[in-house]
Number of protein chains: 2
Amino acid sequence: MSLVPPSGGTTIGGVFMARNITPKDKDYSQWYLDVIKAAELADYAPVRGCMIIRPNGYAVWESIMSEMDRRFKETGHVNAYFPLLIPSSFLEKEKEHVEGFAPECAVVTHAGGEELEEPLVVRPTSETVIGYMYSKWVQSWRDLPLLINQWCNVMRWEMRPRLFLRTSEFLWQEGHTAHATRAEAMEETLKMLEVYRVFMEEILALPVIAGEKSEGERFPGADNTYTCEAMMSDRKALQAGTSHFLGQNFARAFDIKFQNPAGELEFAWTTSWGTSTRMIGAVVMAHSDDDGLILPPRLAPVKAVILPISTDTEKLEKEILPRAREIAAVLNRVLGPMAVQVDTDFHLRPGDRFFRHLQKGVPLRLELGEREMEAGRVRAVRRDNAERSDIPWDSVGQTVPELLETIQKALYGKAAAFREANTRHAASFDEMKTMLEDGGGFVTAFFGGDRSDEKAIKEATGATVRCFPLSDERRGTCFFTGKEDAKLAIFARAY
Amino acid sequence: MSLVPPSGGTTIGGVFMARNITPKDKDYSQWYLDVIKAAELADYAPVRGCMIIRPNGYAVWESIMSEMDRRFKETGHVNAYFPLLIPSSFLEKEKEHVEGFAPECAVVTHAGGEELEEPLVVRPTSETVIGYMYSKWVQSWRDLPLLINQWCNVMRWEMRPRLFLRTSEFLWQEGHTAHATRAEAMEETLKMLEVYRVFMEEILALPVIAGEKSEGERFPGADNTYTCEAMMSDRKALQAGTSHFLGQNFARAFDIKFQNPAGELEFAWTTSWGTSTRMIGAVVMAHSDDDGLILPPRLAPVKAVILPISTDTEKLEKEILPRAREIAAVLNRVLGPMAVQVDTDFHLRPGDRFFRHLQKGVPLRLELGEREMEAGRVRAVRRDNAERSDIPWDSVGQTVPELLETIQKALYGKAAAFREANTRHAASFDEMKTMLEDGGGFVTAFFGGDRSDEKAIKEATGATVRCFPLSDERRGTCFFTGKEDAKLAIFARAY
């Protein structure tokens with residue numbers, strides 16, 4: 001069901017009405033940008049590759065931050081802030097790290113009216129400067145573990161920018177921890193991967209596969225990288241968050257040493273883990289439709305909107321609007337202070353008002369017209385499937401939150417079913433190639449190859465190893481090298 | 001009362017014990033840095049002039065952000081995110097603005113392995129790039145007001161850095177609003193100044209004087225700047241937050257135009273307002289003492305700490321600790337999930353444990369030893385004045401929050417009394433000079449001079465016009481120029 005906007009794409013009474021959103025089937029890429037534009041989530045900045053996160057988009061990020069931050073703190077982490085600028089010599093201390101990040105760096109060469117002695121890099125990630133500080137803060141085993149997270153902006157120069165998915169600057173969180181033992185650092189790496197997985201499934205309604213990255217897809221400087229991989233509605237994969245076991249690589253590069261209980265000096269074991277505003281792009285692509293954005297209710301800053309509707313202006317202002325405000329007040333006591341809003345854009349036609357909330361992804365629309373006033377109820381319309389129901393006023397406080405939870409589960413269920421329907425197993429390279437050409441999606445296959453095999457597969461198919469799923473321990477013959485006892489991998493084309 | 005730490009300043013069992021904090025009277029500057037170091041609030045970064053906000057300091061910033069953000073939202077503002085890098089040509093569009101900020105800018109000249117065509121400035125503030133975006137978002141009077149705030153990092157290269165007070169990078173919030181009329185923009189400017197004033201007084205326990213800045217102290221590009229000025233415990237002034245009425249200066253520079261209801265095009269009226277991590281420096285200097293940090297309870301992330309104490313290890317672990325945890329649980333239900341913590345650093349001597357919490361500014365220490373176990377109470381010790389009291393277990397849930405409020409009020413009262421005791425009125429320049437030499441503090445005087453008079457006064461005394469207080473409308477003869485009907489100003493040396 002698509003409600004075509006009544007106008008072609010300009011400002012109506014101060015409210016911007018997007019042009020028709022390009023249908024998903026016609027041009028997925030353009031559809032994605034149209035959805036973001038119509039929902040006013042983000043805009044390109046005047047600086048190449050950079051993005052402005054508009055209030056509607058930032059409210060989604062605030063919702064993400066508050067949920068994740070609570071989970072980080074419940075698992076014993078604290079927040080801190082490290083500097084934006086990093087001496088370029090720091091980056092060079094870890095060989096793989098500098099090779100991975102140097103080409104993407106933005107570099108400050110002048111400051112305070114003078115040329116700097118040493119160029120400063122705008123942080124692409126903070127392992128180096130945090131490693132440097134940890135070496136000062138850690139002396140004894142009693143100083144460990146250090147469990148610190150940072151919410152900040154980072155910069156990785158981007159030649160092919162795409163809102164939320166690839167921008168030169170983005171917002172993220174980066175956790176950095178140091179431990180006394182290998183086992184404890186590995187436990188942390190997997191614990192935070194699981195925090196990510198549960199958050200993505202519970203809040204973003206995004207089914208993800210938690211798995212280990214292949215050698216070729218590892219974070220530069222890590223011993224192992226773990227990932228949460230999601231399938232978008234065009235069947236491509238998206239890496240939604242990663243957790244890295246850094247071994248002692250950064251501890252050696254930055255001299256993070258501690259005295260163990262026996263009085264001996266040891267290098268610490270470190271981890272890092274990150275998720276970013278990219279998750280907003282994942283939510284857009286996983287759930288939205290040709291009418292615009294669809295947000296899962298637990299993530300949505302505005303969970304429901306009440307629309308008072310009547311052609312009788314006096315009745316609208318004096319009877320319907322006050323009732324709408326009462327209902328909103330009841331719901332906001334249950335759902336949070338700003339969760340339910342009343343639409344008072346009476347200068348717009350009802351169709352335009354409906355359409356705006358559709359485009360913005362508000363999970364539930366509650367219509368209050370003359371008929372509803374007489375019957376003492378509201379008409380609820382679900383954003384995800386346009387299903388209508390009538391809710392008596394005296395039960396909204398219970399029924400609306402239940403309905404929102406139903407929508408949340410339905411979105412997750414739909415995305416999970418879609419992924420399942422688009423995941424196939426390939427026994428040979430020919431089979432894999434056919435599957436990737438015919439529909440794409442996730443292709444599972446036993447894989448025991450190395451970095452050069454990964455490269456050859458990518459060149460031939462455009463697909464990469466997304467991960468070796470942690471939940472599937474089957475082993476078999478590698479489809480590419482013929483090696484025995486290869487782990488099960490997921491291949492896909494990816495964002 | 002100073003509890004001298006038992007050791008000289010190294011790590012004891014993994015816990016860093018600061019050296020004696022330099023007494024305030026001996027070297028105020030060093031005292032300030034020692035307090036910050038001992039409380040583990042911040043550290044200098046490896047990049048000149050930059051700062052690392054350590055977990056204890058960042059928790060204070062989180063407390064500030066959450067309180068302020070709630071107040072911004074209650075006054076109708078939303079958050080967004082604008083880019084870190086600004087084309088240098090943008091800065092040049094507003095003449096006074098570029099003159100004020102260009103010398104302090106850090107400049108990115110290379111990115112993605114190439115030299116950029118146009119250098120990019122790391123934002124020192126965001127009026128320009130936000131003005132550019134507003135010109136795209138604003139078409140009709142119905143699009144106004146735009147009420148947007150941003151939490152982010154900014155950079156102003158600093159030659160004489162000082163933790164929290166002057167660092168090359170700092171964290172802040174910057175509000176940017178656009179309005180249809182002059183009156184509405186002026187109302188917003190003063191409304192946000194008042195939000196700042198009330199926040200600073202209620203949460204930071206910091207008495208501030210809200211006033212207008214003189215011409216010489218105005219924000220570059222503003223028609224008027226308003227400020228909240230506080231007195232530190234060395235009697236110097238500190239500007240804790242500012243709110244700017246920008247007139248139509250940025251609207252003209254960036255072409256922010258709207259169609260009014262009559263269909264005519266007009267320039268919008270804009271404001272901006274900001275506060276930063278500098279407020280943490282203000283709190284340190286306003287309240288702390290020679291034992292270290294003192295935090296007002298409403299601001300303090302940890303409001304009370306419970307110390308189980310006994311030489312009988314079994315009793316300590318099996319009886320006292322479980323009881324401490326029960327009391328903490330009761331208090332955390334009232335005060336928030338992390339507000340009250342139990343100290344389990346039993347490997348340290350009791351004196352060391354006391355001292356750590358003193359240094360960190362925890363408002364209330366609750367001791368639970370064998371005597372308290374027998375009597376069914378805790379011994380409460382106030383951080384601000386070392387006053388002791390005994391609280392029965394069954395009334396902690398009520399008495400502790402009350403005691404915290406008492407401390408909050410006492411800190412505010414003490415700072416307000418200190419300011420009053422150190423504010424004097426000067427009728428002549430000689431009087432002012434004597435007062436500034438003899439004790440310093442705030443000197444009020446009628447002042448009707450211009451920018452060059454301000455400069456002359458500063459050169460002779462080191463003092464500047466802090467503000468013309470909004471709450472004092474008296475007028476008189478200017479002490480410096482002899483002009484009649486001059487407004488009352490506050491002069492002081494300032495951070």
# chains A, B, ... in the order shown; residues from 1 in each chain; ligands from 1
>>> residues_around(residues="region 378-383 of chain A", least_positions_apart="5", cutoff="9 Å", atoms="only C-alpha atoms", output="JSON, numbers by chain")
{"A": [294, 295, 306, 357, 358, 361, 362, 363, 364, 365, 366, 367, 368, 369, 372, 373, 388, 389, 390, 391, 392, 393, 396, 400, 403, 404, 407]}
>>> write_last_selection(atoms="C-alpha atoms", output="PDB file, in the first residue's frame")
ATOM      1  CA  ILE A 294      10.100   2.352   9.198  1.00  0.00           C
ATOM      2  CA  LEU A 295      11.567   2.491  12.697  1.00  0.00           C
ATOM      3  CA  ILE A 306      -2.004  11.373  17.493  1.00  0.00           C
ATOM      4  CA  HIS A 357       4.407  10.513   9.596  1.00  0.00           C
ATOM      5  CA  LEU A 358       4.597   7.571   7.214  1.00  0.00           C
ATOM      6  CA  GLY A 361       8.725   6.091  10.244  1.00  0.00           C
ATOM      7  CA  VAL A 362       6.537   6.744  13.285  1.00  0.00           C
ATOM      8  CA  PRO A 363       5.528   3.188  14.276  1.00  0.00           C
ATOM      9  CA  LEU A 364       1.909   3.965  15.119  1.00  0.00           C
ATOM     10  CA  ARG A 365      -0.558   6.599  13.953  1.00  0.00           C
ATOM     11  CA  LEU A 366      -3.548   7.276  16.193  1.00  0.00           C
ATOM     12  CA  GLU A 367      -6.358   9.057  14.387  1.00  0.00           C
ATOM     13  CA  LEU A 368      -8.958  10.978  16.348  1.00  0.00           C
ATOM     14  CA  GLY A 369     -11.834  12.257  14.199  1.00  0.00           C
ATOM     15  CA  GLU A 372     -13.812   8.329  17.070  1.00  0.00           C
ATOM     16  CA  MET A 373     -14.944  11.136  19.397  1.00  0.00           C
ATOM     17  CA  ARG A 388      -6.007  -0.774  11.522  1.00  0.00           C
ATOM     18  CA  SER A 389      -7.635  -1.316  14.888  1.00  0.00           C
ATOM     19  CA  ASP A 390      -9.892   0.668  17.200  1.00  0.00           C
ATOM     20  CA  ILE A 391      -8.775   1.267  20.754  1.00  0.00           C
ATOM     21  CA  PRO A 392     -11.151   2.581  23.450  1.00  0.00           C
ATOM     22  CA  TRP A 393      -9.771   5.611  25.290  1.00  0.00           C
ATOM     23  CA  VAL A 396      -4.905   3.053  25.392  1.00  0.00           C
ATOM     24  CA  VAL A 400      -0.797   0.956  22.694  1.00  0.00           C
ATOM     25  CA  LEU A 403       0.716  -2.964  19.993  1.00  0.00           C
ATOM     26  CA  LEU A 404       4.151  -1.315  19.826  1.00  0.00           C
ATOM     27  CA  ILE A 407       5.231  -4.220  15.789  1.00  0.00           C
TER      28      ILE A 407
END
>>> residues_around(residues="region 446-455 of chain B", least_positions_apart="4", cutoff="8 Å", atoms="only C-alpha atoms", output="MDAnalysis selection string")
chainID B and resid 214:216 427 459 464:465 475:481 483:489
>>> closest_atom_pairs(of="chain A", to="chain B", cutoff="7 Å", atoms="only C-alpha atoms", output="JSON lines")
{"residue": "A:Gly13", "atom": "CA", "partner": "B:Arg142", "partner_atom": "CA", "distance": 6.7}
{"residue": "A:Gly14", "atom": "CA", "partner": "B:Arg142", "partner_atom": "CA", "distance": 4.7}
{"residue": "A:Ala45", "atom": "CA", "partner": "B:Pro83", "partner_atom": "CA", "distance": 6.8}
{"residue": "A:Val47", "atom": "CA", "partner": "B:Pro87", "partner_atom": "CA", "distance": 6.8}
{"residue": "A:Cys50", "atom": "CA", "partner": "B:Pro83", "partner_atom": "CA", "distance": 6.5}
{"residue": "A:Met51", "atom": "CA", "partner": "B:Pro83", "partner_atom": "CA", "distance": 6.4}
{"residue": "A:Ile52", "atom": "CA", "partner": "B:Phe82", "partner_atom": "CA", "distance": 4.8}
{"residue": "A:Ile53", "atom": "CA", "partner": "B:Tyr81", "partner_atom": "CA", "distance": 4.9}
{"residue": "A:Arg54", "atom": "CA", "partner": "B:Ala80", "partner_atom": "CA", "distance": 5.1}
{"residue": "A:Pro55", "atom": "CA", "partner": "B:Ala80", "partner_atom": "CA", "distance": 4.7}
{"residue": "A:Tyr58", "atom": "CA", "partner": "B:Ala80", "partner_atom": "CA", "distance": 5.3}
{"residue": "A:Val78", "atom": "CA", "partner": "B:Pro55", "partner_atom": "CA", "distance": 6.1}
{"residue": "A:Asn79", "atom": "CA", "partner": "B:Pro55", "partner_atom": "CA", "distance": 5.6}
{"residue": "A:Ala80", "atom": "CA", "partner": "B:Pro55", "partner_atom": "CA", "distance": 4.7}
{"residue": "A:Tyr81", "atom": "CA", "partner": "B:Ile53", "partner_atom": "CA", "distance": 4.9}
{"residue": "A:Phe82", "atom": "CA", "partner": "B:Ile52", "partner_atom": "CA", "distance": 4.8}
{"residue": "A:Pro83", "atom": "CA", "partner": "B:Ile52", "partner_atom": "CA", "distance": 6.2}
{"residue": "A:Ile86", "atom": "CA", "partner": "B:Val47", "partner_atom": "CA", "distance": 6.9}
{"residue": "A:Pro87", "atom": "CA", "partner": "B:Val47", "partner_atom": "CA", "distance": 6.8}
{"residue": "A:Pro103", "atom": "CA", "partner": "B:Gly112", "partner_atom": "CA", "distance": 5.5}
{"residue": "A:Glu104", "atom": "CA", "partner": "B:Gly112", "partner_atom": "CA", "distance": 4.6}
{"residue": "A:Cys105", "atom": "CA", "partner": "B:Ala111", "partner_atom": "CA", "distance": 5.7}
{"residue": "A:Ala106", "atom": "CA", "partner": "B:Ala111", "partner_atom": "CA", "distance": 4.0}
{"residue": "A:Val107", "atom": "CA", "partner": "B:His110", "partner_atom": "CA", "distance": 5.2}
{"residue": "A:Val108", "atom": "CA", "partner": "B:Val108", "partner_atom": "CA", "distance": 4.1}
{"residue": "A:Thr109", "atom": "CA", "partner": "B:Val108", "partner_atom": "CA", "distance": 6.3}
{"residue": "A:His110", "atom": "CA", "partner": "B:Val107", "partner_atom": "CA", "distance": 5.2}
{"residue": "A:Ala111", "atom": "CA", "partner": "B:Ala106", "partner_atom": "CA", "distance": 4.0}
{"residue": "A:Gly112", "atom": "CA", "partner": "B:Glu104", "partner_atom": "CA", "distance": 4.7}
{"residue": "A:Gly113", "atom": "CA", "partner": "B:Pro103", "partner_atom": "CA", "distance": 5.5}
{"residue": "A:Gln139", "atom": "CA", "partner": "B:Gly14", "partner_atom": "CA", "distance": 6.9}
{"residue": "A:Ser140", "atom": "CA", "partner": "B:Gly14", "partner_atom": "CA", "distance": 5.1}
{"residue": "A:Trp141", "atom": "CA", "partner": "B:Gly14", "partner_atom": "CA", "distance": 7.0}
{"residue": "A:Arg142", "atom": "CA", "partner": "B:Gly14", "partner_atom": "CA", "distance": 4.6}
{"residue": "A:Asp143", "atom": "CA", "partner": "B:Gly14", "partner_atom": "CA", "distance": 5.3}
{"residue": "A:Trp157", "atom": "CA", "partner": "B:Gly112", "partner_atom": "CA", "distance": 5.2}
>>> write_last_selection(atoms="N, CA and C atoms", output="short mmCIF file (atom, residue, chain, number, x, y, z; two decimals), in the first residue's frame")
data_model
loop_
_atom_site.label_atom_id
_atom_site.label_comp_id
_atom_site.auth_asym_id
_atom_site.auth_seq_id
_atom_site.Cartn_x
_atom_site.Cartn_y
_atom_site.Cartn_z
N GLY A 13 3.20 24.99 2.96
CA GLY A 13 2.96 25.63 4.26
C GLY A 13 4.11 25.41 5.22
N GLY A 14 5.31 25.52 4.72
CA GLY A 14 6.46 25.41 5.60
C GLY A 14 6.89 23.98 5.88
N ALA A 45 27.14 17.33 3.89
CA ALA A 45 27.72 18.58 4.37
C ALA A 45 28.44 19.26 3.22
N VAL A 47 31.41 19.91 3.13
CA VAL A 47 32.73 19.30 2.98
C VAL A 47 32.56 17.90 2.42
N CYS A 50 31.38 14.39 4.04
CA CYS A 50 30.91 14.56 5.41
C CYS A 50 29.39 14.69 5.44
N MET A 51 28.83 14.50 6.61
CA MET A 51 27.38 14.36 6.76
C MET A 51 26.90 15.26 7.89
N ILE A 52 25.69 15.74 7.73
CA ILE A 52 25.01 16.41 8.83
C ILE A 52 23.92 15.47 9.31
N ILE A 53 23.92 15.17 10.59
CA ILE A 53 22.86 14.33 11.14
C ILE A 53 21.78 15.28 11.65
N ARG A 54 20.66 15.29 10.95
CA ARG A 54 19.58 16.22 11.28
C ARG A 54 18.86 15.77 12.55
N PRO A 55 18.06 16.65 13.16
CA PRO A 55 17.43 16.29 14.43
C PRO A 55 16.71 14.93 14.43
N TYR A 58 19.44 12.40 14.54
CA TYR A 58 20.22 12.43 15.78
C TYR A 58 19.41 11.86 16.95
N VAL A 78 33.35 2.19 31.98
CA VAL A 78 33.16 3.62 32.24
C VAL A 78 33.55 4.38 30.97
N ASN A 79 33.08 5.61 30.85
CA ASN A 79 33.41 6.43 29.69
C ASN A 79 34.53 7.40 29.99
N ALA A 80 35.26 7.79 28.95
CA ALA A 80 36.31 8.80 29.08
C ALA A 80 36.41 9.51 27.74
N TYR A 81 37.28 10.52 27.67
CA TYR A 81 37.47 11.21 26.40
C TYR A 81 38.95 11.40 26.10
N PHE A 82 39.37 10.91 24.93
CA PHE A 82 40.76 11.01 24.49
C PHE A 82 40.83 12.00 23.33
N PRO A 83 42.04 12.52 23.04
CA PRO A 83 42.10 13.64 22.09
C PRO A 83 41.80 13.28 20.64
N ILE A 86 46.10 12.99 16.84
CA ILE A 86 47.09 11.98 17.23
C ILE A 86 48.39 12.26 16.48
N PRO A 87 49.52 12.30 17.19
CA PRO A 87 50.79 12.51 16.48
C PRO A 87 50.97 11.41 15.42
N PRO A 103 46.32 5.64 4.73
CA PRO A 103 45.80 6.22 3.47
C PRO A 103 44.48 6.95 3.64
N GLU A 104 43.75 6.70 4.74
CA GLU A 104 42.44 7.31 4.93
C GLU A 104 42.49 8.54 5.83
N CYS A 105 43.67 8.89 6.32
CA CYS A 105 43.72 9.92 7.36
C CYS A 105 43.60 11.35 6.82
N ALA A 106 42.94 12.19 7.64
CA ALA A 106 42.97 13.64 7.42
C ALA A 106 44.05 14.19 8.34
N VAL A 107 44.87 15.12 7.81
CA VAL A 107 46.07 15.53 8.53
C VAL A 107 46.08 17.04 8.80
N VAL A 108 46.26 17.40 10.07
CA VAL A 108 46.42 18.80 10.45
C VAL A 108 47.91 19.14 10.37
N THR A 109 48.23 20.11 9.53
CA THR A 109 49.64 20.50 9.38
C THR A 109 49.92 21.88 9.97
N HIS A 110 48.85 22.69 10.14
CA HIS A 110 49.01 24.04 10.65
C HIS A 110 48.05 24.27 11.81
N ALA A 111 48.52 25.02 12.80
CA ALA A 111 47.63 25.36 13.92
C ALA A 111 48.17 26.60 14.62
N GLY A 112 47.26 27.43 15.10
CA GLY A 112 47.67 28.64 15.80
C GLY A 112 48.50 29.55 14.91
N GLY A 113 48.26 29.50 13.60
CA GLY A 113 48.96 30.38 12.68
C GLY A 113 50.34 29.92 12.29
N GLN A 139 50.31 0.05 36.18
CA GLN A 139 51.57 -0.37 36.77
C GLN A 139 51.47 -1.77 37.36
N SER A 140 50.39 -1.97 38.12
CA SER A 140 50.25 -3.23 38.84
C SER A 140 49.08 -4.04 38.29
N TRP A 141 49.05 -5.33 38.57
CA TRP A 141 47.91 -6.17 38.19
C TRP A 141 46.62 -5.63 38.81
N ARG A 142 46.75 -4.88 39.92
CA ARG A 142 45.56 -4.32 40.55
C ARG A 142 44.94 -3.19 39.73
N ASP A 143 45.70 -2.62 38.82
CA ASP A 143 45.15 -1.57 37.93
C ASP A 143 44.30 -2.17 36.81
N TRP A 157 38.93 9.29 5.51
CA TRP A 157 38.60 9.98 4.25
C TRP A 157 37.96 9.01 3.27
#
>>> atom_distance(atom1="CA of Leu265 (chain B)", atom2="CA of Gly221 (chain B)")
22.7 Å
>>> atom_distance(atom1="CA of Asn385 (chain A)", atom2="CA of Pro207 (chain A)")
19.3 Å
>>> residues_around(residues="Met65 (chain A)", least_positions_apart="2", cutoff="10 Å", atoms="only C-alpha atoms", output="list in words")
Ala59, Val60, Trp61, Glu62, Ser63, Glu67, Met68, Asp69, Arg70, Arg71, Trp151, Trp172, Gln173, Ser276 and Thr277 of chain A
>>> select_by_dssp(residues="region 40-198 of chain A", states="strand (DSSP E or B)", output="VMD selection string")
chain A and resid 42 to 44 51 to 53 78 to 79 81 85 to 87 106 to 111 114 to 122 140 146 to 155 162 166 169 to 179
>>> atom_distance(atom1="CA of Gly263 (chain A)", atom2="CA of Pro308 (chain B)")
28.4 Å
>>> select_by_dssp(residues="region 241-486 of chain B", states="helix (DSSP H, G or I)", output="number ranges by chain")
B: 249-254, 278-287, 313-335, 350-360, 370-375, 393-421, 429-437, 451-461
>>> residues_around(residues="Lys414 (chain A)", least_positions_apart="4", cutoff="12 Å", atoms="only C-alpha atoms", output="PyMOL selection string")
chain A and resi 205-207+231-233+286-288+296+384-385+407-410+418-421
>>> residues_around(residues="region 322-330 of chain A", least_positions_apart="2", cutoff="8 Å", atoms="only C-alpha atoms", output="ChimeraX atom specification")
/A:306-308,317-320,332-334,340-342,368,393,396-397
>>> write_last_selection(atoms="C-alpha atoms", output="CSV table (one decimal), in the first residue's frame")
chain,number,residue,atom,x,y,z
A,306,ILE,CA,-2.0,11.4,17.5
A,307,LEU,CA,-3.8,13.2,14.6
A,308,PRO,CA,-6.9,15.2,15.5
A,317,GLU,CA,-9.7,23.1,18.5
A,318,LYS,CA,-12.1,22.9,21.4
A,319,GLU,CA,-13.0,19.2,21.6
A,320,ILE,CA,-10.7,16.9,19.6
A,332,ASN,CA,3.7,9.5,27.8
A,333,ARG,CA,3.5,8.5,31.4
A,334,VAL,CA,3.9,4.9,30.3
A,340,VAL,CA,3.8,10.3,21.9
A,341,GLN,CA,3.2,13.6,20.1
A,342,VAL,CA,0.1,15.4,18.9
A,368,LEU,CA,-9.0,11.0,16.3
A,393,TRP,CA,-9.8,5.6,25.3
A,396,VAL,CA,-4.9,3.1,25.4
A,397,GLY,CA,-2.4,3.0,28.3
>>> closest_residue(among="B:Val305, B:Arg298, B:Arg356, B:Leu238", to="Arg493 (chain B)", atoms="only C-alpha atoms")
B:Leu238
>>> decode(residues="region 38-55 of chain A", atoms="N, CA and C atoms", output="short mmCIF file (atom, residue, chain, number, x, y, z; two decimals), in the first residue's frame")
data_model
loop_
_atom_site.label_atom_id
_atom_site.label_comp_id
_atom_site.auth_asym_id
_atom_site.auth_seq_id
_atom_site.Cartn_x
_atom_site.Cartn_y
_atom_site.Cartn_z
N ALA A 38 13.52 12.13 2.87
CA ALA A 38 12.12 12.37 3.23
C ALA A 38 11.91 12.32 4.74
N ALA A 39 12.68 11.48 5.43
CA ALA A 39 12.55 11.39 6.89
C ALA A 39 13.38 12.46 7.59
N GLU A 40 14.10 13.25 6.80
CA GLU A 40 14.98 14.29 7.35
C GLU A 40 15.96 13.73 8.39
N LEU A 41 16.57 12.60 8.04
CA LEU A 41 17.55 12.00 8.94
C LEU A 41 18.92 12.63 8.79
N ALA A 42 19.31 12.93 7.57
CA ALA A 42 20.67 13.44 7.34
C ALA A 42 20.75 14.18 6.01
N ASP A 43 21.83 14.90 5.87
CA ASP A 43 22.11 15.69 4.67
C ASP A 43 23.62 15.61 4.41
N TYR A 44 24.03 15.76 3.15
CA TYR A 44 25.46 15.91 2.90
C TYR A 44 25.92 17.27 3.37
N ALA A 45 27.14 17.33 3.89
CA ALA A 45 27.72 18.58 4.37
C ALA A 45 28.44 19.26 3.22
N PRO A 46 28.76 20.56 3.39
CA PRO A 46 29.51 21.23 2.32
C PRO A 46 30.93 20.70 2.16
N VAL A 47 31.41 19.91 3.13
CA VAL A 47 32.73 19.30 2.98
C VAL A 47 32.56 17.90 2.42
N ARG A 48 33.29 17.63 1.36
CA ARG A 48 33.18 16.36 0.65
C ARG A 48 33.19 15.14 1.57
N GLY A 49 32.15 14.32 1.42
CA GLY A 49 32.11 13.05 2.15
C GLY A 49 31.61 13.16 3.57
N CYS A 50 31.38 14.39 4.04
CA CYS A 50 30.91 14.56 5.41
C CYS A 50 29.39 14.69 5.44
N MET A 51 28.83 14.50 6.61
CA MET A 51 27.38 14.36 6.76
C MET A 51 26.90 15.26 7.89
N ILE A 52 25.69 15.74 7.73
CA ILE A 52 25.01 16.41 8.83
C ILE A 52 23.92 15.47 9.31
N ILE A 53 23.92 15.17 10.59
CA ILE A 53 22.86 14.33 11.14
C ILE A 53 21.78 15.28 11.65
N ARG A 54 20.66 15.29 10.95
CA ARG A 54 19.58 16.22 11.28
C ARG A 54 18.86 15.77 12.55
N PRO A 55 18.06 16.65 13.16
CA PRO A 55 17.43 16.29 14.43
C PRO A 55 16.71 14.93 14.43
#
